[in-house]
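Colleague: What follows is a single structure, and I will ask about it in a moment.
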Amino acid sequence: MRRLGAVLALMLAACAPDYGGLAIEIEGVALAGDYVESRRINLVLGHVIRVHARPRSLTSQVYEDPGRFELLSASPDVARVYRDPEDWRWVLVGRGGGNTCIEVRIDGKREECLEIRVQAEAG
């Protein structure tokens, strides 16, 4: 019986998505100085952007439950991250000048950290 449980667990793990990066883009029009690249974000102090962010999978399985996915700021005094009520959307706010990272977490496990820079002004 134990063997059967172990085999089932392995089969389920093989069918699960395997993190392969984050697809992220700004929704709407960005203000001057704000941009999002695959692993880097730039914000101007005081600016707010809404992004669509969804993990990519290396397998044929996709991430379907947005509740398993979260973005967290390593330094909320530099940048804050808020979950938008709409699935896969997040709001980023430039709070203080400097650099930090936005952690990508799936099921509580840190997958990667996106660099974010908050500048005092566009340029």
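Following the order of the structure tokens, chains are lettered A, B, ..., residues in each are numbered from 1, and ligands are numbered from 1.
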Name the residues in contact with Gly94 (chain A) at a cut-off of 7 Å, using only C-alpha atoms, excluding same-chain residues fewer than 5 positions from it; report them as an MDAnalysis selection string.
Modeller: chainID A and resid 43:48 78:80 118
Colleague: Output as a ChimeraX atom specification all residues of region 11-95 of chain A that backbone DSSP marks as strand (DSSP E or B).
Modeller: /A:19-26,35-36,40-44,48-57,69-73,79-83,89-94
Colleague: Have a look at CA of Arg105 (chain A) and CA of Val29 (chain A) and let me know their distance in Å, one decimal.
Modeller: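 CA of Val29 (chain A) lies at a distance of 26.7 Å from CA of Arg105 (chain A).
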Colleague: When you look at Asn99 (chain A) with a cut-off of 10 Å (counting only C-alpha atoms), what residues show up, excluding the ones that are within fewer than 4 positions of it in the same chain? I need them as a PyMOL selection string.
Modeller: chain A and resi 41-42+74-75+78-79+115-119
Colleague: Could you tell me which of A:Asp34, A:Ser57, A:Leu72, A:Ile106 comes closest to Asp18 (chain A) if we count only C-alpha atoms?
Modeller: A:Ser57
Colleague: Contacts of Glu64 (chain A) at 12 Å or less, counting only C-alpha atoms, minus same-chain residues fewer than 3 places along, as a ChimeraX atom specification?
Modeller: /A:16-17,54-57,61,67-69,87-88,106
Colleague: Residues at most 12 Å from Glu70 (chain A), counting only C-alpha atoms, excluding those fewer than 4 positions away in the same chain, as a PDB file with C-alpha atoms, in the first residue's frame?
Modeller:
ATOM      1  CA  LEU A  22       7.654  34.689 -15.218  1.00  0.00           C
ATOM      2  CA  ALA A  53       2.149  38.329 -14.245  1.00  0.00           C
ATOM      3  CA  ARG A  54       1.855  34.587 -14.705  1.00  0.00           C
ATOM      4  CA  PRO A  55       4.408  31.836 -14.186  1.00  0.00           C
ATOM      5  CA  ASP A  65      -4.555  28.450  -9.809  1.00  0.00           C
ATOM      6  CA  PRO A  66      -3.513  32.068  -9.192  1.00  0.00           C
ATOM      7  CA  VAL A  81       3.346  44.824  -4.307  1.00  0.00           C
ATOM      8  CA  TYR A  82      -0.410  44.293  -3.995  1.00  0.00           C
ATOM      9  CA  ARG A  83      -2.548  41.509  -5.395  1.00  0.00           C
ATOM     10  CA  ASP A  84      -5.252  42.862  -7.688  1.00  0.00           C
ATOM     11  CA  ASP A  87      -6.585  36.891 -11.420  1.00  0.00           C
ATOM     12  CA  TRP A  88      -2.910  37.130 -12.358  1.00  0.00           C
ATOM     13  CA  ARG A  89      -2.838  40.924 -11.911  1.00  0.00           C
ATOM     14  CA  TRP A  90      -0.678  42.850  -9.469  1.00  0.00           C
ATOM     15  CA  VAL A  91      -0.123  46.499  -8.569  1.00  0.00           C
ATOM     16  CA  ILE A 102      10.280  41.150  -6.147  1.00  0.00           C
ATOM     17  CA  GLU A 103      10.198  37.524  -5.063  1.00  0.00           C
ATOM     18  CA  VAL A 104       8.238  35.083  -7.199  1.00  0.00           C
ATOM     19  CA  ARG A 105       6.731  32.395  -4.946  1.00  0.00           C
ATOM     20  CA  ILE A 106       4.724  29.329  -5.849  1.00  0.00           C
ATOM     21  CA  ASP A 107       3.203  27.289  -3.046  1.00  0.00           C
ATOM     22  CA  GLY A 108       5.362  29.334  -0.649  1.00  0.00           C
ATOM     23  CA  LYS A 109       8.610  28.361  -2.392  1.00  0.00           C
ATOM     24  CA  ARG A 110      10.814  31.153  -3.761  1.00  0.00           C
ATOM     25  CA  GLU A 111      11.405  30.510  -7.453  1.00  0.00           C
ATOM     26  CA  GLU A 112      13.274  33.665  -8.450  1.00  0.00           C
ATOM     27  CA  CYS A 113      13.731  37.322  -7.646  1.00  0.00           C
TER      28      CYS A 113
END
Colleague: Interatomic distance between CA of Ala32 (chain A) and CA of Gly98 (chain A)?
Modeller: 17.7 Å
Colleague: Tell me, in Å to one decimal, how far CA of Ile26 (chain A) is from CA of Ser38 (chain A).
Modeller: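 We find that CA of Ile26 (chain A) and CA of Ser38 (chain A) lie 11.2 Å from each other.
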Colleague: Would you mind writing down, as a VMD selection string, each residue of chain A that DSSP on the backbone assigns to helix (DSSP H, G or I)?
Modeller: chain A and resid 2 to 15 66 to 68
Colleague: Return the single residue from A:Tyr63, A:Glu121, A:Glu25, A:His52 that is closest to Arg39 (chain A), with distances computed using only C-alpha atoms.
Modeller: A:Glu25
Colleague: Hey, which of A:Leu114, A:Ile24, A:Ala120, A:Ile49 ends up closest to Val93 (chain A)? Count only C-alpha atoms.
Modeller: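 Among the listed residues, the smallest separation from Val93 (chain A) belongs to A:Ile49.
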